[in-house]
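Asker: Quick one: the structure is below, and I'll ask about it shortly.
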Amino acid sequence: MNFEILGEIHDIEIIAVNRSIRELDRLQKNYGSGRWRKLKGIATIQLDDGTVCEAEIHWYEAHGIGQKEFKLKYILE
């Protein structure tokens, strides 16, 4: 499901760091090596059909590389 993040992400928590990430080899191959972290947070999003809602999203990020591969996990409303 495609979505756009509106505003800032809040209630951010780290889920996994470096070797705890199952996708680490793929991330390093596609984006480069770095201190990869998997995070989750709450954000206001807009779905493809125009619906605006709060949702939990997950993503990966590394210093110097930035945030990659946002995934919608749960709609909270």
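As shown in the structure tokens, the chain order sets the letters A, B, ...; within each chain, residues go from 1, and ligands are also counted from 1 in the order they appear.
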Would you pick out the contacts of segment 27-37 of chain A at 12 Å or less, using only C-alpha atoms, so that residues sharing its chain but fewer than 4 positions from it are not included, and give the list as a list in words?
Answerer: Ile12, Glu13, Ile14, Ile15, Ala16, Val17, Asn18, Arg19, Ser20, Ile21, Arg22, Glu23, His58, Trp59, Tyr60, Glu61, Ala62, His63, Gly64, Ile65, Gly66, Gln67, Lys68 and Glu69 of chain A
Asker: Can you list, as a PyMOL selection string, every residue of chain A that DSSP puts in alpha helix (DSSP H)?
Answerer: chain A and resi 24-31
Asker: Would you output that residue set with all heavy atoms, as a PDB file, in the first residue's frame?
Answerer:
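Now in selection30.pdb:
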ATOM      1  N   LEU A  24      20.121  -6.900   6.782  1.00  0.00           N
ATOM      2  CA  LEU A  24      21.341  -6.096   6.807  1.00  0.00           C
ATOM      3  C   LEU A  24      22.198  -6.259   5.550  1.00  0.00           C
ATOM      4  O   LEU A  24      22.640  -5.259   4.970  1.00  0.00           O
ATOM      5  CB  LEU A  24      22.170  -6.413   8.050  1.00  0.00           C
ATOM      6  CG  LEU A  24      23.441  -5.583   8.215  1.00  0.00           C
ATOM      7  CD1 LEU A  24      23.095  -4.099   8.352  1.00  0.00           C
ATOM      8  CD2 LEU A  24      24.227  -6.046   9.412  1.00  0.00           C
ATOM      9  N   ASP A  25      22.405  -7.476   5.091  1.00  0.00           N
ATOM     10  CA  ASP A  25      23.238  -7.690   3.902  1.00  0.00           C
ATOM     11  C   ASP A  25      22.644  -6.990   2.682  1.00  0.00           C
ATOM     12  O   ASP A  25      23.363  -6.360   1.898  1.00  0.00           O
ATOM     13  CB  ASP A  25      23.421  -9.179   3.625  1.00  0.00           C
ATOM     14  CG  ASP A  25      24.280  -9.868   4.684  1.00  0.00           C
ATOM     15  OD1 ASP A  25      25.097  -9.173   5.315  1.00  0.00           O
ATOM     16  OD2 ASP A  25      24.125 -11.090   4.875  1.00  0.00           O
ATOM     17  N   ARG A  26      21.323  -7.080   2.519  1.00  0.00           N
ATOM     18  CA  ARG A  26      20.663  -6.437   1.388  1.00  0.00           C
ATOM     19  C   ARG A  26      20.749  -4.910   1.488  1.00  0.00           C
ATOM     20  O   ARG A  26      21.022  -4.226   0.502  1.00  0.00           O
ATOM     21  CB  ARG A  26      19.193  -6.867   1.304  1.00  0.00           C
ATOM     22  CG  ARG A  26      18.464  -6.307   0.115  1.00  0.00           C
ATOM     23  CD  ARG A  26      17.004  -6.694   0.136  1.00  0.00           C
ATOM     24  NE  ARG A  26      16.305  -6.238   1.325  1.00  0.00           N
ATOM     25  CZ  ARG A  26      15.904  -4.980   1.507  1.00  0.00           C
ATOM     26  NH1 ARG A  26      16.122  -4.068   0.600  1.00  0.00           N
ATOM     27  NH2 ARG A  26      15.257  -4.638   2.609  1.00  0.00           N
ATOM     28  N   LEU A  27      20.560  -4.375   2.688  1.00  0.00           N
ATOM     29  CA  LEU A  27      20.654  -2.928   2.883  1.00  0.00           C
ATOM     30  C   LEU A  27      22.056  -2.425   2.528  1.00  0.00           C
ATOM     31  O   LEU A  27      22.210  -1.408   1.844  1.00  0.00           O
ATOM     32  CB  LEU A  27      20.317  -2.548   4.317  1.00  0.00           C
ATOM     33  CG  LEU A  27      18.864  -2.711   4.739  1.00  0.00           C
ATOM     34  CD1 LEU A  27      18.734  -2.588   6.256  1.00  0.00           C
ATOM     35  CD2 LEU A  27      17.988  -1.707   4.030  1.00  0.00           C
ATOM     36  N   GLN A  28      23.081  -3.124   2.994  1.00  0.00           N
ATOM     37  CA  GLN A  28      24.454  -2.709   2.715  1.00  0.00           C
ATOM     38  C   GLN A  28      24.773  -2.814   1.230  1.00  0.00           C
ATOM     39  O   GLN A  28      25.470  -1.971   0.688  1.00  0.00           O
ATOM     40  CB  GLN A  28      25.433  -3.542   3.537  1.00  0.00           C
ATOM     41  CG  GLN A  28      25.380  -3.196   5.002  1.00  0.00           C
ATOM     42  CD  GLN A  28      26.307  -4.026   5.846  1.00  0.00           C
ATOM     43  OE1 GLN A  28      26.726  -5.119   5.467  1.00  0.00           O
ATOM     44  NE2 GLN A  28      26.625  -3.519   7.025  1.00  0.00           N
ATOM     45  N   LYS A  29      24.251  -3.824   0.570  1.00  0.00           N
ATOM     46  CA  LYS A  29      24.481  -3.992  -0.865  1.00  0.00           C
ATOM     47  C   LYS A  29      23.794  -2.875  -1.663  1.00  0.00           C
ATOM     48  O   LYS A  29      24.370  -2.318  -2.595  1.00  0.00           O
ATOM     49  CB  LYS A  29      23.966  -5.353  -1.325  1.00  0.00           C
ATOM     50  CG  LYS A  29      24.213  -5.632  -2.788  1.00  0.00           C
ATOM     51  CD  LYS A  29      23.707  -7.006  -3.174  1.00  0.00           C
ATOM     52  CE  LYS A  29      23.892  -7.230  -4.661  1.00  0.00           C
ATOM     53  NZ  LYS A  29      23.345  -8.505  -5.087  1.00  0.00           N
ATOM     54  N   ASN A  30      22.562  -2.544  -1.298  1.00  0.00           N
ATOM     55  CA  ASN A  30      21.784  -1.553  -2.053  1.00  0.00           C
ATOM     56  C   ASN A  30      22.156  -0.107  -1.737  1.00  0.00           C
ATOM     57  O   ASN A  30      22.146   0.741  -2.626  1.00  0.00           O
ATOM     58  CB  ASN A  30      20.292  -1.748  -1.820  1.00  0.00           C
ATOM     59  CG  ASN A  30      19.759  -2.994  -2.469  1.00  0.00           C
ATOM     60  OD1 ASN A  30      20.360  -3.535  -3.384  1.00  0.00           O
ATOM     61  ND2 ASN A  30      18.629  -3.478  -1.981  1.00  0.00           N
ATOM     62  N   TYR A  31      22.454   0.195  -0.471  1.00  0.00           N
ATOM     63  CA  TYR A  31      22.634   1.589  -0.056  1.00  0.00           C
ATOM     64  C   TYR A  31      24.025   1.914   0.485  1.00  0.00           C
ATOM     65  O   TYR A  31      24.365   3.070   0.653  1.00  0.00           O
ATOM     66  CB  TYR A  31      21.595   1.956   1.010  1.00  0.00           C
ATOM     67  CG  TYR A  31      20.172   1.732   0.569  1.00  0.00           C
ATOM     68  CD1 TYR A  31      19.403   0.731   1.139  1.00  0.00           C
ATOM     69  CD2 TYR A  31      19.596   2.518  -0.419  1.00  0.00           C
ATOM     70  CE1 TYR A  31      18.089   0.518   0.739  1.00  0.00           C
ATOM     71  CE2 TYR A  31      18.287   2.318  -0.824  1.00  0.00           C
ATOM     72  CZ  TYR A  31      17.551   1.316  -0.240  1.00  0.00           C
ATOM     73  OH  TYR A  31      16.259   1.108  -0.633  1.00  0.00           O
TER      74      TYR A  31
END
Asker: Can you list every residue in chain A that DSSP puts in strand (DSSP E), as an MDAnalysis selection string?
Answerer: chainID A and resid 3:17 37:47 52:62 66:75
Asker: Take atom CA of Lys40 of chain A and atom CA of Val52 of chain A and report the distance between them in Å, one decimal.
Answerer: 19.0 Å
Asker: Can you pull out every residue within 10 Å of Ile9 of chain A, counting only C-alpha atoms, but drop anything in the same chain fewer than 6 positions away, and send it as a PyMOL selection string?
Answerer: chain A and resi 40-45+55-57
